[in-house]
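Student: Dropping in entry.cif, which is mmCIF, C-alpha atoms and all ligand atoms:
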data_input
loop_
_atom_site.label_atom_id
_atom_site.label_comp_id
_atom_site.auth_asym_id
_atom_site.auth_seq_id
_atom_site.Cartn_x
_atom_site.Cartn_y
_atom_site.Cartn_z
CA MET A 29 0.00 0.00 0.00
CA ASN A 30 1.27 3.48 -0.80
CA GLN A 31 1.96 5.62 2.21
CA LEU A 32 0.26 8.94 1.74
CA PHE A 33 0.18 12.14 3.70
CA LEU A 34 -1.16 15.61 3.18
CA LYS A 35 1.42 18.24 2.43
CA LYS A 36 -0.42 21.41 3.31
CA PRO A 37 -2.73 22.82 4.34
CA SER A 38 -4.42 20.37 6.62
CA ARG A 39 -7.86 21.70 5.69
CA LEU A 40 -7.59 19.90 2.39
CA SER A 41 -7.83 16.75 4.37
CA ILE A 42 -9.19 14.30 1.91
CA THR A 43 -9.09 10.82 0.72
CA ILE A 44 -6.27 9.19 2.59
CA LEU A 45 -8.57 6.33 3.43
CA ALA A 46 -10.13 6.43 0.00
CA LEU A 47 -6.75 6.26 -1.69
CA GLN A 48 -5.69 3.42 0.50
CA TYR A 49 -8.97 1.72 -0.24
CA PHE A 50 -8.56 2.11 -3.96
CA SER A 51 -4.94 1.00 -3.75
CA ASP A 52 -5.93 -2.11 -1.88
CA GLU A 53 -8.80 -2.83 -4.19
CA SER A 54 -7.19 -2.42 -7.54
CA ASN A 55 -3.52 -2.95 -6.87
CA SER A 56 -2.95 -0.09 -9.34
CA THR A 57 -0.38 2.65 -9.28
CA LEU A 58 -1.47 5.95 -7.86
CA ALA A 59 -1.20 7.49 -11.32
CA ASP A 60 -3.68 4.92 -12.59
CA LEU A 61 -5.98 5.69 -9.72
CA VAL A 62 -5.80 9.41 -10.25
CA GLY A 63 -6.51 8.93 -13.92
CA GLY A 64 -9.52 6.84 -13.06
CA ASN A 65 -11.56 6.92 -9.91
CA LEU A 66 -10.17 9.93 -8.23
CA THR A 67 -10.45 12.51 -10.97
CA ALA A 68 -14.18 12.45 -10.32
CA ARG A 69 -13.56 13.93 -6.91
CA PRO A 70 -13.28 17.64 -6.39
CA MET A 71 -9.99 18.52 -4.76
CA TRP A 72 -6.56 16.99 -4.40
CA PHE A 73 -3.32 18.21 -2.98
CA ILE A 74 -1.40 15.15 -2.01
CA GLN A 75 2.13 13.93 -1.91
CA ILE A 76 3.46 10.43 -1.83
CA GLU A 77 6.10 10.05 0.81
CA ASP A 78 9.58 10.17 -0.75
CA ASP A 79 8.11 10.62 -4.18
CA PRO A 80 7.78 14.31 -5.15
CA GLN A 81 6.73 13.33 -8.64
CA TYR A 82 3.12 13.24 -7.55
CA ARG A 83 3.09 16.28 -5.38
CA VAL A 84 0.14 18.09 -6.92
CA LEU A 85 -2.39 15.81 -8.47
CA GLY A 86 -4.71 18.47 -9.80
CA PHE A 87 -8.05 20.07 -9.41
CA ASN A 88 -11.07 19.56 -11.60
CA ASP A 89 -13.53 22.12 -10.38
CA PRO A 90 -12.92 25.83 -11.13
CA SER A 91 -14.46 27.04 -7.88
CA THR A 92 -12.37 24.53 -6.01
CA ILE A 93 -9.20 25.67 -7.77
CA GLU A 94 -9.77 29.24 -6.62
CA GLU A 95 -10.64 28.18 -3.13
CA ALA A 96 -7.70 25.81 -2.84
CA ASP A 97 -5.37 28.46 -4.23
CA ALA A 98 -6.62 30.93 -1.62
CA MET A 99 -5.92 28.40 1.09
CA ILE A 100 -2.46 27.54 -0.18
CA ASN A 101 -1.53 31.18 -0.81
CA PRO A 102 -3.59 33.14 1.71
CA SER A 103 -3.62 36.91 1.62
CA ASP A 104 -5.07 39.37 4.06
CA ASP A 105 -7.99 40.25 1.80
CA THR A 106 -8.93 36.65 1.07
CA PRO A 107 -12.25 35.93 2.82
CA CYS A 108 -12.17 32.78 4.90
CA PRO A 109 -14.78 30.41 3.50
CA SER A 110 -17.36 28.99 5.87
CA ARG A 111 -16.53 25.39 6.53
CA LEU A 112 -18.21 22.56 8.38
CA GLY A 113 -15.41 22.70 10.94
CA HIS A 114 -16.74 26.07 12.09
CA PHE A 115 -20.14 24.56 13.01
CA PRO A 116 -19.76 21.87 15.69
CA ASP A 117 -23.51 21.20 15.99
CA TRP A 118 -23.64 20.28 12.31
CA GLN A 119 -20.56 18.08 12.69
CA TYR A 120 -22.18 16.26 15.61
CA LEU A 121 -25.33 15.78 13.58
CA LEU A 122 -23.38 14.17 10.74
CA ARG A 123 -21.52 11.92 13.17
CA GLU A 124 -24.84 10.77 14.60
CA VAL A 125 -26.04 9.93 11.09
CA TYR A 126 -22.77 8.08 10.49
CA ASN A 127 -23.30 6.07 13.68
CA LEU A 128 -26.82 5.26 12.61
CA TYR A 129 -25.51 3.68 9.41
CA ARG A 130 -22.61 2.07 11.26
CA PHE A 131 -24.37 0.38 14.16
CA SER A 132 -27.88 -0.33 12.91
CA SER A 133 -28.60 -3.86 11.77
CA ALA A 134 -28.86 -4.78 8.11
CA GLY A 135 -31.21 -7.58 9.07
CA GLY A 136 -29.12 -10.03 7.13
CA SER A 137 -29.74 -8.24 3.83
CA PRO A 138 -26.62 -7.89 1.63
CA SER A 139 -28.13 -4.99 -0.33
CA ILE A 140 -29.00 -3.07 2.84
CA ARG A 141 -25.55 -3.76 4.27
CA SER A 142 -23.97 -2.52 1.03
CA HIS A 143 -26.07 0.66 1.13
CA GLN A 144 -25.14 1.33 4.77
CA LYS A 145 -21.48 0.94 3.85
CA GLU A 146 -21.79 3.25 0.86
CA VAL A 147 -23.45 5.98 2.94
CA ARG A 148 -20.68 5.66 5.54
CA HIS A 149 -17.93 5.88 2.95
CA ARG A 150 -19.39 8.96 1.33
CA LEU A 151 -20.06 10.61 4.66
CA SER A 152 -16.59 9.80 5.93
CA ARG A 153 -15.00 11.38 2.86
CA LEU A 154 -17.14 14.46 3.34
CA LEU A 155 -16.21 14.84 7.01
CA ASN A 156 -12.54 14.59 6.08
CA ASP A 157 -12.98 17.23 3.38
CA ASP A 158 -14.39 19.84 5.78
CA PRO A 159 -16.94 20.91 3.12
CA PRO A 160 -18.33 24.40 2.51
CA ILE A 161 -21.40 25.58 4.38
CA ASN A 162 -23.99 27.56 2.46
CA LYS A 163 -25.61 30.61 3.91
CA ILE A 164 -28.55 29.48 6.00
CA HIS A 165 -32.05 30.62 5.04
CA ALA A 166 -34.22 28.89 7.61
CA SER A 167 -37.89 28.53 6.79
CA GLU A 168 -40.77 26.48 8.16
CA LYS A 169 -43.89 24.85 6.72
CA PRO A 170 -47.18 24.23 8.58
CA VAL A 171 -46.23 20.66 9.49
CA CYS A 172 -43.34 22.03 11.59
CA SER A 173 -45.89 22.59 14.36
CA HIS A 174 -45.49 18.82 14.91
CA LEU A 175 -41.68 18.87 15.05
CA SER A 176 -41.38 19.44 18.79
CA ARG A 177 -43.62 16.47 19.50
CA ALA A 178 -41.67 14.29 17.06
CA LEU A 179 -38.38 15.17 18.73
CA ASP A 180 -39.83 14.78 22.23
CA ILE A 181 -40.93 11.24 21.43
CA GLY A 182 -37.70 10.57 19.59
CA VAL A 183 -35.54 10.94 22.69
CA SER A 184 -37.04 7.82 24.22
CA HIS A 185 -35.98 5.60 21.31
CA PRO A 186 -32.67 4.01 20.23
CA THR A 187 -32.13 6.91 17.83
CA ALA A 188 -32.36 9.42 20.71
CA SER A 189 -28.90 10.93 20.18
CA LEU A 190 -29.79 11.82 16.60
CA SER A 191 -33.07 13.40 17.72
CA ARG A 192 -31.12 15.50 20.23
CA ALA A 193 -28.62 16.55 17.57
CA ILE A 194 -31.51 17.60 15.32
CA GLU A 195 -32.94 19.64 18.19
CA ARG A 196 -29.70 21.65 18.28
CA ILE A 197 -29.92 22.73 14.64
CA ARG A 198 -33.68 22.82 14.12
CA GLY A 199 -33.74 26.62 14.00
CA GLN A 200 -31.44 26.54 10.96
CA LEU A 201 -33.42 24.10 8.84
CA LEU A 202 -35.01 25.08 5.55
CA TRP A 203 -38.26 23.13 5.18
CA GLU A 204 -39.67 22.69 1.69
CA PHE A 205 -42.39 20.93 -0.27
CA GLY A 206 -40.19 20.13 -3.27
CA TYR A 207 -43.08 19.74 -5.70
CA GLY A 208 -44.28 22.30 -8.20
CA LYS A 209 -47.85 21.61 -7.17
CA VAL A 210 -48.37 20.18 -3.70
CA PRO A 211 -51.59 18.20 -3.21
CA ALA A 212 -53.93 20.20 -1.00
CA GLY A 213 -54.10 17.35 1.50
CA LEU A 214 -50.33 17.50 2.07
CA ILE A 215 -49.84 21.22 2.64
CA ASN A 216 -50.35 20.95 6.40
CA LYS A 217 -49.00 17.43 6.74
CA TYR A 218 -45.64 17.17 5.07
CA ALA A 219 -42.33 18.92 4.46
CA PHE A 220 -38.72 17.92 4.00
CA SER A 221 -35.41 19.56 4.79
CA GLU A 222 -32.35 18.63 2.74
CA PHE A 223 -29.50 19.72 4.99
CA MET A 224 -26.72 18.11 2.97
CA GLY A 225 -26.40 17.77 -0.80
CA PRO A 226 -25.70 19.81 -3.93
CA LYS A 227 -28.21 22.42 -2.74
CA GLY A 228 -28.01 21.72 0.99
CA ILE A 229 -26.63 23.76 3.83
CA ILE A 230 -23.67 21.37 3.84
CA VAL A 231 -22.43 21.11 0.28
CA SER A 232 -21.93 17.61 -1.10
CA LYS A 233 -22.12 16.26 -4.63
CA GLU A 234 -21.89 12.68 -3.46
CA LEU A 235 -24.58 12.23 -0.86
CA ILE A 236 -27.88 13.81 0.08
CA LEU A 237 -29.03 13.72 3.69
CA GLY A 238 -32.25 15.18 4.95
CA LEU A 239 -35.30 14.92 7.15
CA VAL A 240 -38.93 14.43 6.23
CA LEU A 241 -41.70 15.21 8.69
CA PHE A 242 -45.23 13.84 8.52
CA ALA A 243 -48.19 14.90 10.64
CA PRO A 244 -50.38 12.15 12.16
CA GLY A 245 -52.65 10.40 9.69
CA THR A 246 -50.67 11.26 6.56
CA THR A 247 -50.54 9.36 3.31
CA TYR A 248 -47.57 10.38 1.22
CA PRO A 249 -48.44 9.36 -2.34
CA THR A 250 -46.56 6.87 -4.47
CA HIS A 251 -43.33 8.24 -5.85
CA SER A 252 -39.95 6.96 -6.95
CA HIS A 253 -36.43 8.34 -7.36
CA GLN A 254 -34.78 8.02 -10.73
CA GLY A 255 -31.28 6.57 -10.55
CA ILE A 256 -31.08 7.11 -6.79
CA THR A 257 -31.03 4.63 -3.94
CA GLU A 258 -32.93 5.93 -0.94
CA SER A 259 -33.07 4.85 2.67
CA TYR A 260 -35.44 6.09 5.33
CA PHE A 261 -34.68 5.78 9.05
CA CYS A 262 -37.74 6.10 11.26
CA LEU A 263 -36.87 8.30 14.27
CA ASN A 264 -40.24 8.31 16.04
CA GLY A 265 -43.84 7.25 15.60
CA ALA A 266 -44.64 4.42 13.23
CA ILE A 267 -44.85 4.32 9.45
CA SER A 268 -45.74 1.79 6.82
CA GLU A 269 -44.55 1.55 3.24
CA ASN A 270 -46.63 0.08 0.42
CA ASP A 271 -48.89 -1.58 3.00
CA VAL A 272 -46.39 -4.40 3.48
CA GLY A 273 -44.79 -3.57 6.83
CA VAL A 274 -44.88 -1.32 9.89
CA TYR A 275 -41.62 0.38 10.82
CA ALA A 276 -40.88 1.50 14.37
CA PRO A 277 -38.13 3.93 15.48
CA GLY A 278 -34.69 2.66 14.49
CA SER A 279 -36.05 0.81 11.45
CA LEU A 280 -34.52 1.30 8.04
CA ILE A 281 -36.36 1.05 4.72
CA LEU A 282 -34.34 0.69 1.53
CA ASN A 283 -35.86 1.89 -1.74
CA PRO A 284 -33.79 0.89 -4.79
CA PRO A 285 -33.69 3.28 -7.79
CA ASN A 286 -37.05 3.76 -9.50
CA HIS A 287 -38.89 1.69 -6.87
CA PRO A 288 -42.43 3.07 -6.35
CA HIS A 289 -43.23 3.59 -2.69
CA ARG A 290 -46.02 5.13 -0.63
CA ILE A 291 -45.74 6.08 3.03
CA THR A 292 -48.50 6.18 5.61
CA THR A 293 -48.22 7.30 9.24
CA SER A 294 -50.15 6.40 12.35
CA ASP A 295 -53.24 8.39 13.35
CA ARG A 296 -52.01 9.75 16.67
CA GLU A 297 -48.36 10.73 16.38
CA PRO A 298 -46.18 12.55 13.84
CA SER A 299 -43.24 10.77 12.25
CA LEU A 300 -39.82 12.22 11.57
CA LEU A 301 -37.64 10.27 9.15
CA ALA A 302 -33.97 10.74 8.32
CA TYR A 303 -33.22 9.91 4.72
CA ALA A 304 -30.15 9.37 2.57
CA TRP A 305 -29.90 9.45 -1.21
CA VAL A 306 -26.98 7.80 -2.95
CA GLY A 307 -26.36 7.98 -6.68
CA PRO A 308 -24.30 9.62 -9.40
CA THR A 309 -23.69 13.34 -8.93
CA GLU A 310 -25.78 14.18 -11.99
CA ASN A 311 -28.80 12.34 -10.59
CA LEU A 312 -28.39 13.90 -7.15
CA THR A 313 -28.14 17.38 -8.65
CA ASN A 314 -30.99 17.15 -11.15
CA GLN A 315 -33.50 14.97 -9.35
CA LYS A 316 -37.07 16.10 -9.94
CA MET A 317 -39.65 15.30 -7.29
CA VAL A 318 -42.82 13.99 -8.88
CA PHE A 319 -45.56 11.68 -7.77
CA ASN A 320 -46.27 8.65 -9.90
CA ARG A 321 -49.27 9.09 -12.16
CA GLN A 322 -50.89 5.86 -11.14
CA PRO A 323 -50.53 5.31 -7.40
CA ARG A 324 -50.24 1.72 -6.29
FE FE B 401 -38.89 8.38 -1.26
#
Represent the structure of the file as structure tokens.
Ligand SMILES: [Fe+2]
Tutor:
Amino acid sequence: MNQLFLKKPSRLSITILALQYFSDESNSTLADLVGGNLTARPMWFIQIEDDPQYRVLGFNDPSTIEEADAMINPSDDTPCPSRLGHFPDWQYLLREVYNLYRFSSAGGSPSIRSHQKEVRHRLSRLLNDDPPINKIHASEKPVCSHLSRALDIGVSHPTASLSRAIERIRGQLLWEFGYGKVPAGLINKYAFSEFMGPKGIIVSKELILGLVLFAPGTTYPTHSHQGITESYFCLNGAISENDVGVYAPGSLILNPPNHPHRITTSDREPSLLAYAWVGPTENLTNQKMVFNRQPR
């Protein structure tokens, strides 16, 4: 395995594990790896120990080039970009999500285990990168009147530490409908908040993380996600999907790409779900939220 270390600055702390992983997997040279897998990633400033040939591996995103250049050659009038490292509550939230995907059971399912691992890998890379933080424009929807109750119930379940971490940042969340035309029956009963992703507060092109909140007695119509694998973690209340199972707090539901699914919630309590979307950057960036024309 190649021994790698970051030259400077430490804030460009990426991919040591990923590089080692790729090296182990493919048994390729680093040049091969950079020419293949790693050029898809945004920012590299790496040196191989005792091998200056590969000191700068390159950048492939213009905004990243400018930002990296400002970090490497700082000047007094260079504004310091907002980074995840400046927001501990958001870091703790992401670590709680990581733990959820690390310690929850896959129930013996290889595809669920593989998804959990993929979310962890992408999240781990992001935490190492210390990603940018977008300016926060918090906004609520009517269903947010149920959020306190959802979090209150959530602290008595195995996912309590995540519910507490959400409580810390709830005032910074941007809640949305996501649909051009929201069904009238959903306006007071549903909203989601994508806190990490291409358009999230925490910028990531590799992974979308968010929350979706349902009022009691909600039916969220059949929908699917093109080219994206989705998982829902139930944090409180009880939900069912496609009328084939009831999911209590701590349960995970995996929806493969293009899989139609419909969510219903219990009559008495709201349900807060944490979700993750994994897929190619293009699909994560351009995903359109639409309900299926013929609900199942
Ligand atoms: Fe979904």
Student: Within 8 Å of ligand FE 401 (chain B), counting only C-alpha atoms and all ligand atoms, which protein or nucleic acid residues do you find, written as JSON, numbers by chain?
Tutor: {"A": [251, 252, 253, 258, 259, 260, 283, 289, 290]}
Student: Which one is closest to A:Lys145: A:Leu128, A:Ile161, A:Leu190, A:Val274? Count only C-alpha atoms.
Tutor: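 Smallest separation from A:Lys145 among the options: A:Leu128.
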Student: Quick one: of A:Tyr126, A:Tyr275, A:Phe115, A:Phe205, who's nearest to A:Arg150, counting all atoms listed in the file?
Tutor: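 Of the candidates, the smallest distance to A:Arg150 is held by A:Tyr126.
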Student: Write out as a ChimeraX atom specification which residues come within 9 Å of A:Ala243 when counting only C-alpha atoms, dropping same-chain ones fewer than 4 positions away.
Tutor: /A:171-175,216-218,293-300
Student: Rounded to one decimal in Å, what is the spacing between atom CA of A:Ser279 and atom CA of A:Leu239?
Tutor: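 That distance, rounded to one decimal, is 14.8 Å.
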Student: Missing atoms in stretch 130-156 of chain A: can you complete it with N, CA and C atoms, as an mmCIF file, in the coordinates of the input?
Tutor:
data_model
loop_
_atom_site.group_PDB
_atom_site.id
_atom_site.type_symbol
_atom_site.label_atom_id
_atom_site.label_comp_id
_atom_site.auth_asym_id
_atom_site.auth_seq_id
_atom_site.Cartn_x
_atom_site.Cartn_y
_atom_site.Cartn_z
ATOM 1 N N ARG A 130 -23.682 2.970 10.839
ATOM 2 C CA ARG A 130 -22.610 2.070 11.260
ATOM 3 C C ARG A 130 -23.127 0.972 12.190
ATOM 4 N N PHE A 131 -24.010 1.334 13.101
ATOM 5 C CA PHE A 131 -24.370 0.380 14.160
ATOM 6 C C PHE A 131 -25.766 -0.225 14.010
ATOM 7 N N SER A 132 -26.567 0.287 13.086
ATOM 8 C CA SER A 132 -27.880 -0.330 12.910
ATOM 9 C C SER A 132 -27.737 -1.643 12.149
ATOM 10 N N SER A 133 -28.669 -2.547 12.411
ATOM 11 C CA SER A 133 -28.600 -3.860 11.770
ATOM 12 C C SER A 133 -29.032 -3.778 10.315
ATOM 13 N N ALA A 134 -28.426 -4.630 9.500
ATOM 14 C CA ALA A 134 -28.860 -4.780 8.110
ATOM 15 C C ALA A 134 -29.880 -5.900 7.993
ATOM 16 N N GLY A 135 -30.207 -6.517 9.105
ATOM 17 C CA GLY A 135 -31.210 -7.580 9.070
ATOM 18 C C GLY A 135 -30.839 -8.748 8.176
ATOM 19 N N GLY A 136 -29.549 -8.915 7.968
ATOM 20 C CA GLY A 136 -29.120 -10.030 7.130
ATOM 21 C C GLY A 136 -29.223 -9.774 5.637
ATOM 22 N N SER A 137 -29.574 -8.548 5.258
ATOM 23 C CA SER A 137 -29.740 -8.240 3.830
ATOM 24 C C SER A 137 -28.433 -7.703 3.248
ATOM 25 N N PRO A 138 -27.856 -8.389 2.248
ATOM 26 C CA PRO A 138 -26.620 -7.890 1.630
ATOM 27 C C PRO A 138 -26.807 -6.523 0.978
ATOM 28 N N SER A 139 -27.961 -6.273 0.352
ATOM 29 C CA SER A 139 -28.130 -4.990 -0.330
ATOM 30 C C SER A 139 -28.267 -3.848 0.681
ATOM 31 N N ILE A 140 -28.911 -4.120 1.818
ATOM 32 C CA ILE A 140 -29.000 -3.070 2.840
ATOM 33 C C ILE A 140 -27.624 -2.835 3.464
ATOM 34 N N ARG A 141 -26.902 -3.912 3.712
ATOM 35 C CA ARG A 141 -25.550 -3.760 4.270
ATOM 36 C C ARG A 141 -24.662 -2.953 3.317
ATOM 37 N N SER A 142 -24.773 -3.240 2.033
ATOM 38 C CA SER A 142 -23.970 -2.520 1.030
ATOM 39 C C SER A 142 -24.345 -1.033 1.010
ATOM 40 N N HIS A 143 -25.632 -0.746 1.115
ATOM 41 C CA HIS A 143 -26.070 0.660 1.130
ATOM 42 C C HIS A 143 -25.549 1.377 2.385
ATOM 43 N N GLN A 144 -25.646 0.717 3.523
ATOM 44 C CA GLN A 144 -25.140 1.330 4.770
ATOM 45 C C GLN A 144 -23.660 1.665 4.632
ATOM 46 N N LYS A 145 -22.929 0.735 4.032
ATOM 47 C CA LYS A 145 -21.480 0.940 3.850
ATOM 48 C C LYS A 145 -21.211 2.106 2.895
ATOM 49 N N GLU A 146 -21.989 2.181 1.837
ATOM 50 C CA GLU A 146 -21.790 3.250 0.860
ATOM 51 C C GLU A 146 -22.070 4.618 1.484
ATOM 52 N N VAL A 147 -23.142 4.712 2.269
ATOM 53 C CA VAL A 147 -23.450 5.980 2.940
ATOM 54 C C VAL A 147 -22.290 6.356 3.873
ATOM 55 N N ARG A 148 -21.790 5.379 4.607
ATOM 56 C CA ARG A 148 -20.680 5.660 5.540
ATOM 57 C C ARG A 148 -19.441 6.139 4.805
ATOM 58 N N HIS A 149 -19.121 5.477 3.702
ATOM 59 C CA HIS A 149 -17.930 5.880 2.950
ATOM 60 C C HIS A 149 -18.045 7.313 2.446
ATOM 61 N N ARG A 150 -19.203 7.610 1.880
ATOM 62 C CA ARG A 150 -19.390 8.960 1.330
ATOM 63 C C ARG A 150 -19.396 10.009 2.432
ATOM 64 N N LEU A 151 -20.003 9.662 3.549
ATOM 65 C CA LEU A 151 -20.060 10.610 4.660
ATOM 66 C C LEU A 151 -18.672 10.789 5.286
ATOM 67 N N SER A 152 -17.934 9.726 5.373
ATOM 68 C CA SER A 152 -16.590 9.800 5.930
ATOM 69 C C SER A 152 -15.695 10.694 5.074
ATOM 70 N N ARG A 153 -15.791 10.530 3.757
ATOM 71 C CA ARG A 153 -15.000 11.380 2.860
ATOM 72 C C ARG A 153 -15.379 12.846 3.060
ATOM 73 N N LEU A 154 -16.676 13.091 3.188
ATOM 74 C CA LEU A 154 -17.140 14.460 3.340
ATOM 75 C C LEU A 154 -16.623 15.076 4.635
ATOM 76 N N LEU A 155 -16.686 14.317 5.726
ATOM 77 C CA LEU A 155 -16.210 14.840 7.010
ATOM 78 C C LEU A 155 -14.717 15.151 6.928
ATOM 79 N N ASN A 156 -13.970 14.337 6.230
ATOM 80 C CA ASN A 156 -12.540 14.590 6.080
ATOM 81 C C ASN A 156 -12.267 15.829 5.241
#
